[in-house]
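Asks: Take a look at this one; I'll ask things after.
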Amino acid sequence: LRSWLGFPNNTEMLAAYFVLHLMCAFKNSDILLFKGVWRAYRVVKVSMPVPLPYPLLQTLEKQGLALLTDFVLHLLPVGLAQAIAHPTPLQQSAIECPDFYLPFRELAPCHRRVTSEEGPYHPALSSEPGAFPSWCIFHALLFDSDTIHNHTKGYFCDRHAWEVFLTAQGFDNNNKESVDCFFNIGCYGSLQRQRRQGTKPIPFKKFYLWLQELPRENPVTKPKYAAIPDITLPLLGNLTAYLVAADISYTGKVEAPTISDMVFAIHHIGKGAYKGLMALNLLSPSEQKDSVEKVEVAFSQVYAHLQATIPIKYHKCIVLDGIMVEHTLCKYKHTEKKKR
């Protein structure tokens, strides 16, 4: 349309982008009233008679929330297993490592396996005694590993079944290749080397403190425990606990999380989804966290935007809910370098 109508021209577009970037950066229209801003606007407008380079133009044209919609729609063919003649680098990454890059958690291979008829999240098995430990094993140990992709659907009826499986697979805790086959320490982004300790006994002090449910963030009232950084059970930290709770909610054993529940988790974890909101310029980039209220406004805005911009016919198959939106924000952050 722009080329057909001859409007706006390059200098007019650049002037508009100048305003858009100021608004995006300062989040306050009053910035436009400063004399220095007006002067820069006038200078920029008359000093760019040449066409903008396409990569810069493309970057400038896609602002804020529109980037997230583009990201989701760009990877939708991968999630739906559609043929892509010439995949982009981002699409190729999602094809090769879907559990790490795909924004549709329920369409990724690992979740397809654990929700299958033989998986612990299937209705036929989700009420069995082995379901809960299998949920924890899946998220804390086996997620996105060669073992879950090729050798099990993730359900173990009891500890004996788990130990039999380890023996059958030739698991050797002292062999790095064997351990790496079972535990993908980079499955959630940052390296989790503690996964390699998953089959070893829990340290006595850690278990002792966990049984007492001592607060981890109150060194004033518990000074003698202030030096202990984490008293949860190994591998069941903030992120893993959230993932287990989120998946259990799909079985009906736990209520589906509300927007407030999702915001609490995002703020509490302060990692993938929180940084995704920062990357969209919806939260401040400072080291100090924004308030829960600001996170709720930002997350609600993203949720509403995706509901409005993703075609309704895809909402059900990609399971467009709060959990999926949180997951999408994580993947959006993971793929920042790929998108460039």
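By order in the structure tokens, chains are A, B, ...; within a chain, residues start at 1; ligands start at 1, following the order shown.
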Do you have, as a Markdown table, the list of residues of region 53-163 of chain A lying at most 7 Å from region 251-260 of chain A, each with its nearest atom pair and that distance in Å to one decimal, counting only C-alpha atoms and ordered by chain then number?

Replies:
```
| residue | atom | partner | partner_atom | distance |
| --- | --- | --- | --- | --- |
| A:Tyr121 | CA | A:Thr251 | CA | 6.6 |
| A:Pro123 | CA | A:Thr251 | CA | 6.7 |
| A:Ser126 | CA | A:Thr251 | CA | 7.0 |
```

Asks: Kindly export the residues of the current selection with C-alpha atoms, as a short mmCIF file (atom, residue, chain, number, x, y, z; two decimals), in the first residue's frame.

Replies:
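Result file follows (again-v4.cif):
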```
data_model
loop_
_atom_site.label_atom_id
_atom_site.label_comp_id
_atom_site.auth_asym_id
_atom_site.auth_seq_id
_atom_site.Cartn_x
_atom_site.Cartn_y
_atom_site.Cartn_z
CA TYR A 121 -0.83 -37.09 32.79
CA PRO A 123 -6.71 -39.46 32.75
CA SER A 126 -3.28 -39.49 36.67
#
```

Asks: Leaving out region 292-301 of chain A and any residue of its chain fewer than 4 positions from it, which residues lie within 8 Å of it when counting only C-alpha atoms, given as a PyMOL selection string?

Replies: chain A and resi 259-260+263-264+267+274+277+282-283+305

Asks: Show me, as a VMD selection string, the residues that have an atom within 10 Å of Ser116 (chain A) when counting only C-alpha atoms, minus same-chain residues fewer than 6 positions from it.

Replies: chain A and resid 122 to 125 153 to 154

Asks: DSSP on the backbone: which residues in region 245-335 of chain A end up as alpha helix (DSSP H)? Give the answer as a PDB file with N, CA, C and O atoms, in the first residue's frame.

Replies:
```pdb
ATOM      1  N   ALA A 245       2.812 -27.975  39.032  1.00  0.00           N
ATOM      2  CA  ALA A 245       1.467 -27.498  39.382  1.00  0.00           C
ATOM      3  C   ALA A 245       0.660 -27.155  38.135  1.00  0.00           C
ATOM      4  O   ALA A 245      -0.542 -27.451  38.050  1.00  0.00           O
ATOM      5  N   ALA A 246       1.324 -26.530  37.142  1.00  0.00           N
ATOM      6  CA  ALA A 246       0.621 -26.156  35.908  1.00  0.00           C
ATOM      7  C   ALA A 246       0.101 -27.382  35.174  1.00  0.00           C
ATOM      8  O   ALA A 246      -1.056 -27.419  34.741  1.00  0.00           O
ATOM      9  N   ASP A 247       0.937 -28.395  35.048  1.00  0.00           N
ATOM     10  CA  ASP A 247       0.508 -29.600  34.331  1.00  0.00           C
ATOM     11  C   ASP A 247      -0.558 -30.369  35.100  1.00  0.00           C
ATOM     12  O   ASP A 247      -1.475 -30.943  34.502  1.00  0.00           O
ATOM     13  N   ILE A 248      -0.443 -30.391  36.415  1.00  0.00           N
ATOM     14  CA  ILE A 248      -1.457 -31.088  37.215  1.00  0.00           C
ATOM     15  C   ILE A 248      -2.817 -30.413  37.045  1.00  0.00           C
ATOM     16  O   ILE A 248      -3.865 -31.071  37.086  1.00  0.00           O
ATOM     17  N   SER A 249      -2.826 -29.100  36.835  1.00  0.00           N
ATOM     18  CA  SER A 249      -4.102 -28.391  36.688  1.00  0.00           C
ATOM     19  C   SER A 249      -4.884 -28.895  35.470  1.00  0.00           C
ATOM     20  O   SER A 249      -6.117 -28.857  35.455  1.00  0.00           O
ATOM     21  N   ILE A 259      -5.601 -15.482  36.462  1.00  0.00           N
ATOM     22  CA  ILE A 259      -4.594 -14.508  36.031  1.00  0.00           C
ATOM     23  C   ILE A 259      -3.730 -14.107  37.224  1.00  0.00           C
ATOM     24  O   ILE A 259      -2.502 -14.004  37.117  1.00  0.00           O
ATOM     25  N   SER A 260      -4.362 -13.889  38.372  1.00  0.00           N
ATOM     26  CA  SER A 260      -3.612 -13.512  39.574  1.00  0.00           C
ATOM     27  C   SER A 260      -2.630 -14.606  39.985  1.00  0.00           C
ATOM     28  O   SER A 260      -1.503 -14.326  40.417  1.00  0.00           O
ATOM     29  N   ASP A 261      -3.048 -15.864  39.854  1.00  0.00           N
ATOM     30  CA  ASP A 261      -2.152 -16.987  40.167  1.00  0.00           C
ATOM     31  C   ASP A 261      -0.939 -16.980  39.239  1.00  0.00           C
ATOM     32  O   ASP A 261       0.203 -17.187  39.676  1.00  0.00           O
ATOM     33  N   MET A 262      -1.188 -16.754  37.947  1.00  0.00           N
ATOM     34  CA  MET A 262      -0.109 -16.735  36.974  1.00  0.00           C
ATOM     35  C   MET A 262       0.856 -15.589  37.259  1.00  0.00           C
ATOM     36  O   MET A 262       2.078 -15.747  37.189  1.00  0.00           O
ATOM     37  N   VAL A 263       0.296 -14.443  37.594  1.00  0.00           N
ATOM     38  CA  VAL A 263       1.130 -13.272  37.888  1.00  0.00           C
ATOM     39  C   VAL A 263       1.984 -13.524  39.121  1.00  0.00           C
ATOM     40  O   VAL A 263       3.177 -13.173  39.153  1.00  0.00           O
ATOM     41  N   PHE A 264       1.396 -14.144  40.150  1.00  0.00           N
ATOM     42  CA  PHE A 264       2.159 -14.480  41.351  1.00  0.00           C
ATOM     43  C   PHE A 264       3.345 -15.363  40.992  1.00  0.00           C
ATOM     44  O   PHE A 264       4.481 -15.128  41.444  1.00  0.00           O
ATOM     45  N   ALA A 265       3.113 -16.397  40.170  1.00  0.00           N
ATOM     46  CA  ALA A 265       4.186 -17.317  39.787  1.00  0.00           C
ATOM     47  C   ALA A 265       5.265 -16.606  38.976  1.00  0.00           C
ATOM     48  O   ALA A 265       6.463 -16.773  39.221  1.00  0.00           O
ATOM     49  N   ILE A 266       4.859 -15.797  38.017  1.00  0.00           N
ATOM     50  CA  ILE A 266       5.817 -15.079  37.163  1.00  0.00           C
ATOM     51  C   ILE A 266       6.682 -14.141  38.001  1.00  0.00           C
ATOM     52  O   ILE A 266       7.908 -14.082  37.850  1.00  0.00           O
ATOM     53  N   HIS A 267       6.047 -13.409  38.895  1.00  0.00           N
ATOM     54  CA  HIS A 267       6.779 -12.468  39.748  1.00  0.00           C
ATOM     55  C   HIS A 267       7.678 -13.211  40.719  1.00  0.00           C
ATOM     56  O   HIS A 267       8.824 -12.811  40.966  1.00  0.00           O
ATOM     57  N   HIS A 268       7.176 -14.300  41.272  1.00  0.00           N
ATOM     58  CA  HIS A 268       7.919 -15.072  42.265  1.00  0.00           C
ATOM     59  C   HIS A 268       9.156 -15.723  41.643  1.00  0.00           C
ATOM     60  O   HIS A 268      10.252 -15.684  42.210  1.00  0.00           O
ATOM     61  N   ILE A 269       8.990 -16.306  40.450  1.00  0.00           N
ATOM     62  CA  ILE A 269      10.115 -16.961  39.765  1.00  0.00           C
ATOM     63  C   ILE A 269      11.089 -15.917  39.228  1.00  0.00           C
ATOM     64  O   ILE A 269      12.302 -16.049  39.350  1.00  0.00           O
ATOM     65  N   GLY A 272      12.158 -16.560  33.104  1.00  0.00           N
ATOM     66  CA  GLY A 272      11.769 -16.547  31.707  1.00  0.00           C
ATOM     67  C   GLY A 272      10.631 -15.625  31.330  1.00  0.00           C
ATOM     68  O   GLY A 272      10.788 -14.710  30.515  1.00  0.00           O
ATOM     69  N   ALA A 273       9.446 -15.841  31.886  1.00  0.00           N
ATOM     70  CA  ALA A 273       8.281 -15.043  31.514  1.00  0.00           C
ATOM     71  C   ALA A 273       8.443 -13.594  31.947  1.00  0.00           C
ATOM     72  O   ALA A 273       8.045 -12.667  31.226  1.00  0.00           O
ATOM     73  N   TYR A 274       9.021 -13.379  33.118  1.00  0.00           N
ATOM     74  CA  TYR A 274       9.250 -12.004  33.592  1.00  0.00           C
ATOM     75  C   TYR A 274      10.185 -11.280  32.629  1.00  0.00           C
ATOM     76  O   TYR A 274       9.935 -10.130  32.230  1.00  0.00           O
ATOM     77  N   LYS A 275      11.251 -11.950  32.205  1.00  0.00           N
ATOM     78  CA  LYS A 275      12.198 -11.336  31.272  1.00  0.00           C
ATOM     79  C   LYS A 275      11.574 -11.173  29.889  1.00  0.00           C
ATOM     80  O   LYS A 275      11.943 -10.264  29.142  1.00  0.00           O
ATOM     81  N   GLY A 276      10.626 -12.052  29.559  1.00  0.00           N
ATOM     82  CA  GLY A 276       9.900 -11.884  28.310  1.00  0.00           C
ATOM     83  C   GLY A 276       9.089 -10.603  28.306  1.00  0.00           C
ATOM     84  O   GLY A 276       9.044  -9.880  27.304  1.00  0.00           O
ATOM     85  N   LEU A 277       8.452 -10.292  29.432  1.00  0.00           N
ATOM     86  CA  LEU A 277       7.705  -9.037  29.555  1.00  0.00           C
ATOM     87  C   LEU A 277       8.642  -7.836  29.484  1.00  0.00           C
ATOM     88  O   LEU A 277       8.296  -6.797  28.926  1.00  0.00           O
ATOM     89  N   MET A 278       9.841  -7.996  30.013  1.00  0.00           N
ATOM     90  CA  MET A 278      10.829  -6.925  29.915  1.00  0.00           C
ATOM     91  C   MET A 278      11.247  -6.729  28.454  1.00  0.00           C
ATOM     92  O   MET A 278      11.399  -5.593  27.990  1.00  0.00           O
ATOM     93  N   ALA A 279      11.427  -7.841  27.742  1.00  0.00           N
ATOM     94  CA  ALA A 279      11.852  -7.754  26.341  1.00  0.00           C
ATOM     95  C   ALA A 279      10.794  -7.075  25.475  1.00  0.00           C
ATOM     96  O   ALA A 279      11.116  -6.489  24.440  1.00  0.00           O
ATOM     97  N   VAL A 292       4.074  -6.478  41.797  1.00  0.00           N
ATOM     98  CA  VAL A 292       3.143  -7.502  41.313  1.00  0.00           C
ATOM     99  C   VAL A 292       2.034  -6.852  40.489  1.00  0.00           C
ATOM    100  O   VAL A 292       1.591  -7.410  39.478  1.00  0.00           O
ATOM    101  N   GLU A 293       1.604  -5.668  40.923  1.00  0.00           N
ATOM    102  CA  GLU A 293       0.531  -4.971  40.202  1.00  0.00           C
ATOM    103  C   GLU A 293       0.946  -4.637  38.776  1.00  0.00           C
ATOM    104  O   GLU A 293       0.169  -4.804  37.829  1.00  0.00           O
ATOM    105  N   LYS A 294       2.181  -4.197  38.594  1.00  0.00           N
ATOM    106  CA  LYS A 294       2.669  -3.879  37.250  1.00  0.00           C
ATOM    107  C   LYS A 294       2.779  -5.131  36.399  1.00  0.00           C
ATOM    108  O   LYS A 294       2.485  -5.128  35.205  1.00  0.00           O
ATOM    109  N   VAL A 295       3.210  -6.221  37.018  1.00  0.00           N
ATOM    110  CA  VAL A 295       3.307  -7.491  36.288  1.00  0.00           C
ATOM    111  C   VAL A 295       1.916  -7.952  35.864  1.00  0.00           C
ATOM    112  O   VAL A 295       1.728  -8.453  34.750  1.00  0.00           O
ATOM    113  N   GLU A 296       0.935  -7.746  36.727  1.00  0.00           N
ATOM    114  CA  GLU A 296      -0.434  -8.154  36.379  1.00  0.00           C
ATOM    115  C   GLU A 296      -0.963  -7.346  35.201  1.00  0.00           C
ATOM    116  O   GLU A 296      -1.602  -7.893  34.305  1.00  0.00           O
ATOM    117  N   VAL A 297      -0.699  -6.053  35.193  1.00  0.00           N
ATOM    118  CA  VAL A 297      -1.133  -5.223  34.068  1.00  0.00           C
ATOM    119  C   VAL A 297      -0.458  -5.690  32.784  1.00  0.00           C
ATOM    120  O   VAL A 297      -1.102  -5.837  31.742  1.00  0.00           O
ATOM    121  N   ALA A 298       0.853  -5.947  32.855  1.00  0.00           N
ATOM    122  CA  ALA A 298       1.615  -6.360  31.674  1.00  0.00           C
ATOM    123  C   ALA A 298       1.149  -7.723  31.163  1.00  0.00           C
ATOM    124  O   ALA A 298       0.916  -7.903  29.958  1.00  0.00           O
ATOM    125  N   PHE A 299       1.001  -8.677  32.067  1.00  0.00           N
ATOM    126  CA  PHE A 299       0.601 -10.025  31.656  1.00  0.00           C
ATOM    127  C   PHE A 299      -0.816 -10.027  31.093  1.00  0.00           C
ATOM    128  O   PHE A 299      -1.096 -10.687  30.080  1.00  0.00           O
ATOM    129  N   SER A 300      -1.708  -9.297  31.724  1.00  0.00           N
ATOM    130  CA  SER A 300      -3.090  -9.210  31.235  1.00  0.00           C
ATOM    131  C   SER A 300      -3.129  -8.599  29.841  1.00  0.00           C
ATOM    132  O   SER A 300      -3.916  -9.012  28.986  1.00  0.00           O
ATOM    133  N   GLN A 301      -2.269  -7.624  29.620  1.00  0.00           N
ATOM    134  CA  GLN A 301      -2.197  -6.972  28.311  1.00  0.00           C
ATOM    135  C   GLN A 301      -1.739  -7.969  27.240  1.00  0.00           C
ATOM    136  O   GLN A 301      -2.293  -8.023  26.141  1.00  0.00           O
ATOM    137  N   VAL A 302      -0.723  -8.762  27.578  1.00  0.00           N
ATOM    138  CA  VAL A 302      -0.221  -9.773  26.632  1.00  0.00           C
ATOM    139  C   VAL A 302      -1.292 -10.821  26.354  1.00  0.00           C
ATOM    140  O   VAL A 302      -1.537 -11.194  25.196  1.00  0.00           O
ATOM    141  N   TYR A 303      -1.946 -11.298  27.405  1.00  0.00           N
ATOM    142  CA  TYR A 303      -2.981 -12.327  27.266  1.00  0.00           C
ATOM    143  C   TYR A 303      -4.101 -11.832  26.362  1.00  0.00           C
ATOM    144  O   TYR A 303      -4.514 -12.506  25.410  1.00  0.00           O
ATOM    145  N   ALA A 304      -4.583 -10.636  26.635  1.00  0.00           N
ATOM    146  CA  ALA A 304      -5.681 -10.072  25.834  1.00  0.00           C
ATOM    147  C   ALA A 304      -5.241  -9.855  24.384  1.00  0.00           C
ATOM    148  O   ALA A 304      -6.009 -10.094  23.445  1.00  0.00           O
ATOM    149  N   HIS A 305      -4.000  -9.421  24.206  1.00  0.00           N
ATOM    150  CA  HIS A 305      -3.498  -9.167  22.850  1.00  0.00           C
ATOM    151  C   HIS A 305      -3.430 -10.463  22.035  1.00  0.00           C
ATOM    152  O   HIS A 305      -3.841 -10.491  20.867  1.00  0.00           O
ATOM    153  N   LEU A 306      -2.917 -11.524  22.640  1.00  0.00           N
ATOM    154  CA  LEU A 306      -2.821 -12.795  21.918  1.00  0.00           C
ATOM    155  C   LEU A 306      -4.205 -13.369  21.617  1.00  0.00           C
ATOM    156  O   LEU A 306      -4.438 -13.934  20.537  1.00  0.00           O
ATOM    157  N   GLN A 307      -5.128 -13.227  22.558  1.00  0.00           N
ATOM    158  CA  GLN A 307      -6.497 -13.690  22.305  1.00  0.00           C
ATOM    159  C   GLN A 307      -7.125 -12.950  21.131  1.00  0.00           C
ATOM    160  O   GLN A 307      -7.890 -13.533  20.356  1.00  0.00           O
ATOM    161  N   ALA A 308      -6.773 -11.674  20.983  1.00  0.00           N
ATOM    162  CA  ALA A 308      -7.368 -10.858  19.929  1.00  0.00           C
ATOM    163  C   ALA A 308      -6.670 -11.032  18.582  1.00  0.00           C
ATOM    164  O   ALA A 308      -7.303 -10.861  17.532  1.00  0.00           O
ATOM    165  N   THR A 309      -5.388 -11.371  18.596  1.00  0.00           N
ATOM    166  CA  THR A 309      -4.629 -11.392  17.342  1.00  0.00           C
ATOM    167  C   THR A 309      -4.337 -12.782  16.790  1.00  0.00           C
ATOM    168  O   THR A 309      -4.012 -12.917  15.614  1.00  0.00           O
ATOM    169  N   GLY A 322      -3.664 -19.049  30.222  1.00  0.00           N
ATOM    170  CA  GLY A 322      -2.628 -18.340  30.956  1.00  0.00           C
ATOM    171  C   GLY A 322      -1.313 -19.099  31.002  1.00  0.00           C
ATOM    172  O   GLY A 322      -0.230 -18.502  30.925  1.00  0.00           O
ATOM    173  N   ILE A 323      -1.392 -20.420  31.141  1.00  0.00           N
ATOM    174  CA  ILE A 323      -0.181 -21.241  31.202  1.00  0.00           C
ATOM    175  C   ILE A 323       0.570 -21.181  29.877  1.00  0.00           C
ATOM    176  O   ILE A 323       1.798 -21.061  29.837  1.00  0.00           O
ATOM    177  N   MET A 324      -0.183 -21.253  28.780  1.00  0.00           N
ATOM    178  CA  MET A 324       0.446 -21.181  27.457  1.00  0.00           C
ATOM    179  C   MET A 324       1.080 -19.804  27.232  1.00  0.00           C
ATOM    180  O   MET A 324       2.168 -19.695  26.653  1.00  0.00           O
ATOM    181  N   VAL A 325       0.426 -18.733  27.695  1.00  0.00           N
ATOM    182  CA  VAL A 325       0.961 -17.381  27.518  1.00  0.00           C
ATOM    183  C   VAL A 325       2.262 -17.227  28.312  1.00  0.00           C
ATOM    184  O   VAL A 325       3.249 -16.663  27.804  1.00  0.00           O
ATOM    185  N   GLU A 326       2.297 -17.738  29.524  1.00  0.00           N
ATOM    186  CA  GLU A 326       3.531 -17.703  30.319  1.00  0.00           C
ATOM    187  C   GLU A 326       4.642 -18.451  29.598  1.00  0.00           C
ATOM    188  O   GLU A 326       5.793 -17.974  29.516  1.00  0.00           O
ATOM    189  N   HIS A 327       4.316 -19.605  29.056  1.00  0.00           N
ATOM    190  CA  HIS A 327       5.285 -20.425  28.323  1.00  0.00           C
ATOM    191  C   HIS A 327       5.793 -19.679  27.081  1.00  0.00           C
ATOM    192  O   HIS A 327       6.992 -19.693  26.778  1.00  0.00           O
ATOM    193  N   THR A 328       4.879 -19.005  26.389  1.00  0.00           N
ATOM    194  CA  THR A 328       5.243 -18.251  25.190  1.00  0.00           C
ATOM    195  C   THR A 328       6.209 -17.122  25.518  1.00  0.00           C
ATOM    196  O   THR A 328       7.171 -16.875  24.779  1.00  0.00           O
ATOM    197  N   LEU A 329       5.984 -16.435  26.623  1.00  0.00           N
ATOM    198  CA  LEU A 329       6.893 -15.366  27.038  1.00  0.00           C
ATOM    199  C   LEU A 329       8.290 -15.915  27.321  1.00  0.00           C
ATOM    200  O   LEU A 329       9.300 -15.278  26.983  1.00  0.00           O
ATOM    201  N   CYS A 330       8.352 -17.108  27.926  1.00  0.00           N
ATOM    202  CA  CYS A 330       9.655 -17.739  28.172  1.00  0.00           C
ATOM    203  C   CYS A 330      10.367 -18.019  26.856  1.00  0.00           C
ATOM    204  O   CYS A 330      11.556 -17.723  26.697  1.00  0.00           O
ATOM    205  N   LYS A 331       9.642 -18.607  25.906  1.00  0.00           N
ATOM    206  CA  LYS A 331      10.252 -18.974  24.630  1.00  0.00           C
ATOM    207  C   LYS A 331      10.629 -17.729  23.828  1.00  0.00           C
ATOM    208  O   LYS A 331      11.624 -17.730  23.103  1.00  0.00           O
ATOM    209  N   TYR A 332       9.837 -16.684  23.947  1.00  0.00           N
ATOM    210  CA  TYR A 332      10.154 -15.435  23.259  1.00  0.00           C
ATOM    211  C   TYR A 332      11.511 -14.909  23.731  1.00  0.00           C
ATOM    212  O   TYR A 332      12.331 -14.458  22.928  1.00  0.00           O
ATOM    213  N   LYS A 333      11.746 -15.002  25.031  1.00  0.00           N
ATOM    214  CA  LYS A 333      13.030 -14.566  25.583  1.00  0.00           C
ATOM    215  C   LYS A 333      14.148 -15.497  25.137  1.00  0.00           C
ATOM    216  O   LYS A 333      15.240 -15.045  24.790  1.00  0.00           O
ATOM    217  N   HIS A 334      13.876 -16.827  25.148  1.00  0.00           N
ATOM    218  CA  HIS A 334      14.897 -17.793  24.739  1.00  0.00           C
ATOM    219  C   HIS A 334      15.393 -17.562  23.318  1.00  0.00           C
ATOM    220  O   HIS A 334      16.549 -17.812  23.004  1.00  0.00           O
TER     221      HIS A 334
END
```
